[in-house]
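**Q** Here it is: the structure, laid out below.
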Amino acid sequence: YRALPKAVADRYGIRAEALGKALVLSATGFDHRLFNRITGIDQAESALAQGFLTYPPAGVERWMLQLLPHRETEAFSEVATELGLVRLRGWAKHVGKATLRIPFRTDLRIERIAGEGRGVLADTPTGQSLTRRAQAWGRIVTQTYGFPEGFAPWFAALGGRPGWHLYLVYHDIRPVAGAALYLPLPPRDAASPPGATPILANLAFAGTLPAFRGRGAQSALVARRFEDAQSLGAHWVVTESGTPIPGRRGTGHRNLVRLGLPVQYVRTNWGPP
(Lines give C-alpha, C1' and ligand atoms only; values in the text may rest on other atoms or scores of the structure.)
Protein backbone atom coordinates (compact mmCIF):
# COMPACT_ATOMS: atom_id res chain seq x y z
CA TYR A 1 0.00 0.00 0.00
CA ARG A 2 3.00 2.32 0.35
CA ALA A 3 3.41 2.01 -3.43
CA LEU A 4 -0.24 2.92 -4.13
CA PRO A 5 -0.45 5.79 -6.65
CA LYS A 6 -2.83 8.57 -5.57
CA ALA A 7 -4.71 8.38 -8.87
CA VAL A 8 -5.49 4.68 -8.33
CA ALA A 9 -6.44 5.26 -4.69
CA ASP A 10 -8.83 8.08 -5.64
CA ARG A 11 -10.39 6.18 -8.54
CA TYR A 12 -11.16 3.04 -6.53
CA GLY A 13 -11.54 4.48 -3.03
CA ILE A 14 -8.60 2.48 -1.69
CA ARG A 15 -7.54 3.10 1.91
CA ALA A 16 -5.51 1.40 4.63
CA GLU A 17 -6.12 2.48 8.24
CA ALA A 18 -4.90 1.21 11.60
CA LEU A 19 -7.33 -0.21 14.16
CA GLY A 20 -5.15 -0.87 17.20
CA LYS A 21 -2.76 -3.55 15.93
CA ALA A 22 -5.13 -4.47 13.11
CA LEU A 23 -5.23 -3.04 9.59
CA VAL A 24 -8.50 -2.03 7.92
CA LEU A 25 -8.25 -2.26 4.13
CA SER A 26 -11.01 -0.89 1.93
CA ALA A 27 -11.65 -0.33 -1.77
CA THR A 28 -15.14 1.10 -2.18
CA GLY A 29 -14.77 1.10 -5.98
CA PHE A 30 -13.88 -2.60 -6.24
CA ASP A 31 -16.09 -5.03 -4.32
CA HIS A 32 -13.51 -7.78 -3.67
CA ARG A 33 -12.63 -9.38 -0.34
CA LEU A 34 -8.86 -9.14 -0.88
CA PHE A 35 -9.11 -5.34 -0.82
CA ASN A 36 -11.94 -5.10 1.72
CA ARG A 37 -10.78 -6.89 4.82
CA ILE A 38 -9.54 -6.40 8.35
CA THR A 39 -6.35 -8.31 9.10
CA GLY A 40 -3.84 -8.54 11.97
CA ILE A 41 -6.77 -8.65 14.39
CA ASP A 42 -6.00 -8.71 18.12
CA GLN A 43 -9.48 -7.73 19.37
CA ALA A 44 -12.00 -9.82 17.42
CA GLU A 45 -15.13 -8.17 18.80
CA SER A 46 -13.81 -4.68 18.03
CA ALA A 47 -12.91 -5.75 14.48
CA LEU A 48 -16.38 -7.23 14.03
CA ALA A 49 -18.00 -3.91 14.94
CA GLN A 50 -15.57 -2.02 12.71
CA GLY A 51 -16.39 -4.28 9.78
CA PHE A 52 -20.07 -3.36 9.93
CA LEU A 53 -19.20 0.34 10.37
CA THR A 54 -16.80 0.35 7.40
CA TYR A 55 -18.16 -1.81 4.61
CA PRO A 56 -21.99 -1.94 4.40
CA PRO A 57 -22.39 1.88 4.61
CA ALA A 58 -19.93 2.19 1.70
CA GLY A 59 -21.90 -0.27 -0.41
CA VAL A 60 -19.28 -3.01 -0.12
CA GLU A 61 -20.91 -6.45 -0.01
CA ARG A 62 -17.86 -8.73 -0.21
CA TRP A 63 -15.67 -8.12 2.83
CA MET A 64 -14.07 -10.26 5.52
CA LEU A 65 -12.36 -10.44 8.89
CA GLN A 66 -9.18 -12.52 9.09
CA LEU A 67 -8.52 -14.29 12.39
CA LEU A 68 -5.55 -16.31 13.57
CA PRO A 69 -6.62 -19.63 15.12
CA HIS A 70 -6.30 -18.43 18.72
CA ARG A 71 -8.43 -15.32 18.02
CA GLU A 72 -11.49 -17.25 16.86
CA THR A 73 -13.34 -17.83 20.10
CA GLU A 74 -16.68 -19.56 20.53
CA ALA A 75 -18.21 -16.27 21.68
CA PHE A 76 -17.00 -14.49 18.53
CA SER A 77 -18.32 -17.27 16.28
CA GLU A 78 -21.76 -17.08 17.91
CA VAL A 79 -22.03 -13.31 17.57
CA ALA A 80 -20.72 -13.30 13.99
CA THR A 81 -23.20 -15.99 13.01
CA GLU A 82 -26.08 -14.10 14.61
CA LEU A 83 -25.09 -11.05 12.56
CA GLY A 84 -25.28 -13.06 9.34
CA LEU A 85 -21.57 -13.74 8.73
CA VAL A 86 -20.23 -17.15 7.71
CA ARG A 87 -16.87 -18.88 7.62
CA LEU A 88 -15.34 -18.35 4.20
CA ARG A 89 -12.43 -20.10 2.55
CA GLY A 90 -9.44 -20.01 4.90
CA TRP A 91 -5.92 -18.81 4.10
CA ALA A 92 -3.17 -21.34 4.77
CA LYS A 93 0.30 -20.18 5.78
CA HIS A 94 3.10 -22.27 4.25
CA VAL A 95 6.69 -22.20 5.53
CA GLY A 96 9.88 -23.77 4.17
CA LYS A 97 13.61 -23.41 4.74
CA ALA A 98 15.31 -21.15 2.21
CA THR A 99 17.78 -23.96 1.50
CA LEU A 100 14.96 -26.08 0.03
CA ARG A 101 15.60 -26.99 -3.59
CA ILE A 102 12.45 -27.16 -5.69
CA PRO A 103 12.24 -29.60 -8.63
CA PHE A 104 10.68 -28.20 -11.79
CA ARG A 105 10.51 -28.62 -15.53
CA THR A 106 9.42 -25.92 -17.96
CA ASP A 107 10.04 -24.73 -21.51
CA LEU A 108 9.38 -21.13 -20.47
CA ARG A 109 11.99 -18.50 -19.59
CA ILE A 110 12.18 -16.69 -16.24
CA GLU A 111 13.63 -13.21 -15.81
CA ARG A 112 13.95 -11.15 -12.65
CA ILE A 113 12.86 -7.68 -13.67
CA ALA A 114 13.19 -5.66 -10.46
CA GLY A 115 14.96 -5.94 -7.16
CA GLU A 116 15.94 -3.28 -4.66
CA GLY A 117 17.13 -3.14 -1.08
CA ARG A 118 18.89 -6.06 0.53
CA GLY A 119 21.66 -7.27 -1.80
CA VAL A 120 20.43 -6.33 -5.29
CA LEU A 121 21.31 -9.22 -7.59
CA ALA A 122 23.50 -8.75 -10.63
CA ASP A 123 21.01 -9.31 -13.46
CA THR A 124 18.44 -6.75 -12.33
CA PRO A 125 17.56 -4.16 -15.03
CA THR A 126 17.42 -0.43 -14.28
CA GLY A 127 16.04 2.78 -15.78
CA GLN A 128 13.64 2.56 -18.73
CA SER A 129 14.21 -1.18 -19.04
CA LEU A 130 12.97 -1.65 -15.47
CA THR A 131 9.96 0.62 -16.06
CA ARG A 132 8.80 -1.27 -19.15
CA ARG A 133 9.17 -4.65 -17.50
CA ALA A 134 7.47 -3.50 -14.31
CA GLN A 135 4.53 -2.25 -16.37
CA ALA A 136 4.30 -5.64 -18.09
CA TRP A 137 4.45 -7.33 -14.68
CA GLY A 138 1.64 -5.13 -13.38
CA ARG A 139 -0.53 -6.12 -16.34
CA ILE A 140 0.15 -9.83 -15.76
CA VAL A 141 -0.92 -9.51 -12.10
CA THR A 142 -4.19 -7.77 -12.96
CA GLN A 143 -4.99 -10.21 -15.78
CA THR A 144 -4.26 -13.41 -13.87
CA TYR A 145 -6.05 -12.30 -10.70
CA GLY A 146 -9.00 -10.70 -12.46
CA PHE A 147 -8.34 -7.25 -11.01
CA PRO A 148 -9.34 -4.05 -12.85
CA GLU A 149 -6.91 -2.86 -15.51
CA GLY A 150 -6.65 0.37 -13.53
CA PHE A 151 -4.77 -1.53 -10.80
CA ALA A 152 -1.83 -2.26 -13.12
CA PRO A 153 0.08 0.98 -12.28
CA TRP A 154 -0.21 0.12 -8.58
CA PHE A 155 1.46 -3.26 -9.00
CA ALA A 156 3.98 -1.85 -11.48
CA ALA A 157 4.99 0.69 -8.83
CA LEU A 158 6.49 -2.15 -6.77
CA GLY A 159 9.36 -2.21 -9.29
CA GLY A 160 12.23 -0.47 -7.54
CA ARG A 161 10.58 -0.47 -4.09
CA PRO A 162 12.92 -1.50 -1.23
CA GLY A 163 12.75 -5.22 -0.55
CA TRP A 164 10.67 -6.14 -3.62
CA HIS A 165 11.91 -8.50 -6.34
CA LEU A 166 9.67 -9.05 -9.37
CA TYR A 167 9.76 -11.88 -11.91
CA LEU A 168 8.30 -12.41 -15.38
CA VAL A 169 7.98 -15.67 -17.28
CA TYR A 170 8.16 -15.48 -21.07
CA HIS A 171 6.97 -17.61 -23.96
CA ASP A 172 9.36 -16.37 -26.63
CA ILE A 173 9.04 -12.59 -26.06
CA ARG A 174 5.52 -12.61 -24.58
CA PRO A 175 5.10 -12.29 -20.79
CA VAL A 176 2.76 -15.11 -19.68
CA ALA A 177 3.28 -15.39 -15.91
CA GLY A 178 4.69 -13.47 -12.99
CA ALA A 179 5.47 -13.52 -9.30
CA ALA A 180 7.14 -11.49 -6.55
CA LEU A 181 9.56 -12.02 -3.68
CA TYR A 182 9.64 -9.67 -0.71
CA LEU A 183 12.34 -9.46 1.95
CA PRO A 184 11.57 -6.98 4.75
CA LEU A 185 14.54 -4.74 5.36
CA PRO A 186 16.07 -4.67 8.88
CA PRO A 187 15.52 -1.57 11.05
CA ARG A 188 18.21 1.05 10.54
CA ASP A 189 18.87 1.22 14.27
CA ALA A 190 18.89 -2.55 14.78
CA ALA A 191 21.26 -3.36 17.62
CA SER A 192 21.47 -7.09 16.89
CA PRO A 193 24.46 -8.28 14.84
CA PRO A 194 23.82 -9.59 11.30
CA GLY A 195 22.33 -13.06 11.35
CA ALA A 196 21.01 -12.78 14.91
CA THR A 197 17.37 -12.62 13.78
CA PRO A 198 16.02 -15.10 11.21
CA ILE A 199 15.10 -13.36 7.98
CA LEU A 200 11.78 -14.25 6.40
CA ALA A 201 11.22 -13.97 2.66
CA ASN A 202 7.67 -13.78 1.33
CA LEU A 203 6.40 -15.24 -1.95
CA ALA A 204 3.56 -13.20 -3.44
CA PHE A 205 1.49 -12.38 -6.55
CA ALA A 206 2.04 -15.61 -8.47
CA GLY A 207 -0.15 -16.00 -11.54
CA THR A 208 -0.13 -17.51 -15.03
CA LEU A 209 -2.29 -16.64 -18.04
CA PRO A 210 -4.86 -19.43 -18.61
CA ALA A 211 -3.45 -20.51 -22.00
CA PHE A 212 -0.03 -21.21 -20.45
CA ARG A 213 -1.02 -23.06 -17.29
CA GLY A 214 0.23 -26.59 -16.79
CA ARG A 215 3.65 -25.83 -18.30
CA GLY A 216 5.62 -25.56 -15.06
CA ALA A 217 5.77 -21.77 -14.78
CA GLN A 218 4.76 -21.60 -11.13
CA SER A 219 7.01 -24.42 -9.94
CA ALA A 220 9.88 -22.72 -11.75
CA LEU A 221 9.02 -19.38 -10.14
CA VAL A 222 8.92 -20.95 -6.68
CA ALA A 223 12.32 -22.58 -7.30
CA ARG A 224 13.90 -19.37 -8.57
CA ARG A 225 12.59 -17.31 -5.68
CA PHE A 226 13.88 -19.83 -3.13
CA GLU A 227 17.34 -19.62 -4.72
CA ASP A 228 17.28 -15.82 -4.71
CA ALA A 229 15.92 -15.67 -1.15
CA GLN A 230 18.82 -17.76 0.10
CA SER A 231 21.30 -15.64 -1.90
CA LEU A 232 19.85 -12.53 -0.29
CA GLY A 233 20.29 -13.89 3.23
CA ALA A 234 16.86 -15.32 4.03
CA HIS A 235 16.56 -18.29 6.39
CA TRP A 236 12.88 -19.08 5.85
CA VAL A 237 10.40 -18.59 3.02
CA VAL A 238 6.68 -18.08 3.68
CA THR A 239 3.64 -17.80 1.46
CA GLU A 240 -0.13 -18.27 1.54
CA SER A 241 -2.80 -20.16 -0.36
CA GLY A 242 -6.53 -20.62 -0.22
CA THR A 243 -7.50 -23.82 1.56
CA PRO A 244 -9.07 -26.54 -0.62
CA ILE A 245 -12.86 -26.49 -0.81
CA PRO A 246 -15.25 -28.99 -2.44
CA GLY A 247 -15.81 -28.38 -6.12
CA ARG A 248 -12.63 -26.34 -6.66
CA ARG A 249 -9.25 -27.67 -7.72
CA GLY A 250 -7.08 -25.87 -5.17
CA THR A 251 -4.06 -26.31 -7.46
CA GLY A 252 -1.90 -23.65 -5.79
CA HIS A 253 -2.38 -25.13 -2.32
CA ARG A 254 -1.59 -28.67 -3.47
CA ASN A 255 1.45 -27.55 -5.43
CA LEU A 256 2.98 -25.74 -2.46
CA VAL A 257 2.57 -28.78 -0.20
CA ARG A 258 3.94 -31.07 -2.93
CA LEU A 259 6.98 -28.83 -3.40
CA GLY A 260 7.87 -29.04 0.30
CA LEU A 261 6.06 -26.11 1.94
CA PRO A 262 3.78 -27.61 4.60
CA VAL A 263 0.90 -25.70 6.17
CA GLN A 264 1.79 -24.17 9.55
CA TYR A 265 -1.63 -22.74 10.36
CA VAL A 266 -4.83 -21.49 8.72
CA ARG A 267 -6.34 -18.05 9.12
CA THR A 268 -10.11 -18.18 9.39
CA ASN A 269 -12.01 -15.69 7.26
CA TRP A 270 -15.47 -14.46 8.24
CA GLY A 271 -17.74 -12.37 6.04
CA PRO A 272 -21.11 -12.07 4.35
CA PRO A 273 -22.02 -15.18 2.29
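Chain labels run A, B, ... following the order of the C-alpha coordinates; each chain numbers its residues from 1, and ligands are numbered from 1 in the order shown.
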Contacts of Gly178 (chain A) at 12 Å or less, counting only C-alpha atoms, minus same-chain residues fewer than 3 places along, as number ranges by chain?
**A** A: 108-114, 133-145, 155-156, 165-171, 174-175, 181, 203-209, 212-213, 217-222, 224-225
**Q** Just want the 10 Å neighbourhood of Gly13 (chain A), counted on only C-alpha atoms, with same-chain residues fewer than 6 positions away dropped. Output as a short mmCIF file (atom, residue, chain, number, x, y, z; two decimals) with all heavy atoms, in the first residue's frame.
**A**
```cif
data_model
loop_
_atom_site.label_atom_id
_atom_site.label_comp_id
_atom_site.auth_asym_id
_atom_site.auth_seq_id
_atom_site.Cartn_x
_atom_site.Cartn_y
_atom_site.Cartn_z
N LYS A 6 -1.66 7.81 -6.02
CA LYS A 6 -2.83 8.57 -5.57
C LYS A 6 -3.98 8.47 -6.57
O LYS A 6 -5.16 8.36 -6.18
CB LYS A 6 -2.45 10.03 -5.35
CG LYS A 6 -3.59 10.87 -4.77
CD LYS A 6 -3.16 12.30 -4.52
CE LYS A 6 -4.26 13.09 -3.83
NZ LYS A 6 -5.51 13.12 -4.65
N ALA A 7 -3.66 8.45 -7.86
CA ALA A 7 -4.71 8.38 -8.87
C ALA A 7 -5.50 7.08 -8.76
O ALA A 7 -6.73 7.07 -8.93
CB ALA A 7 -4.11 8.51 -10.27
N SER A 26 -9.74 -1.10 2.61
CA SER A 26 -11.01 -0.89 1.93
C SER A 26 -10.76 -0.37 0.52
O SER A 26 -9.80 0.34 0.26
CB SER A 26 -11.90 0.08 2.69
OG SER A 26 -11.26 1.33 2.86
N ALA A 27 -11.66 -0.80 -0.38
CA ALA A 27 -11.65 -0.33 -1.77
C ALA A 27 -13.11 -0.22 -2.19
O ALA A 27 -13.70 -1.18 -2.70
CB ALA A 27 -10.89 -1.28 -2.67
N THR A 28 -13.71 0.93 -1.94
CA THR A 28 -15.14 1.10 -2.18
C THR A 28 -15.50 1.00 -3.66
O THR A 28 -16.66 0.74 -4.00
CB THR A 28 -15.62 2.44 -1.62
OG1 THR A 28 -14.85 3.51 -2.20
CG2 THR A 28 -15.45 2.48 -0.10
N GLY A 29 -14.51 1.19 -4.54
CA GLY A 29 -14.77 1.10 -5.98
C GLY A 29 -14.48 -0.25 -6.57
O GLY A 29 -14.57 -0.42 -7.80
N PHE A 30 -14.13 -1.24 -5.74
CA PHE A 30 -13.88 -2.60 -6.24
C PHE A 30 -14.30 -3.58 -5.16
O PHE A 30 -13.60 -3.77 -4.16
CB PHE A 30 -12.41 -2.79 -6.59
CG PHE A 30 -12.09 -4.14 -7.17
CD1 PHE A 30 -12.88 -4.70 -8.17
CD2 PHE A 30 -10.99 -4.86 -6.73
CE1 PHE A 30 -12.60 -5.95 -8.70
CE2 PHE A 30 -10.69 -6.11 -7.26
CZ PHE A 30 -11.49 -6.65 -8.26
N ALA A 58 -20.61 1.77 2.93
CA ALA A 58 -19.93 2.19 1.70
C ALA A 58 -20.41 1.40 0.49
O ALA A 58 -19.89 1.60 -0.61
CB ALA A 58 -18.41 2.01 1.87
#
```
**Q** Would you mind writing down, as a ChimeraX atom specification, each residue of region 82-247 of chain A that DSSP on the backbone assigns to strand (DSSP E or B)?
**A** /A:86-87,91-97,109-116,162,164-171,174-182,200-208,236-242
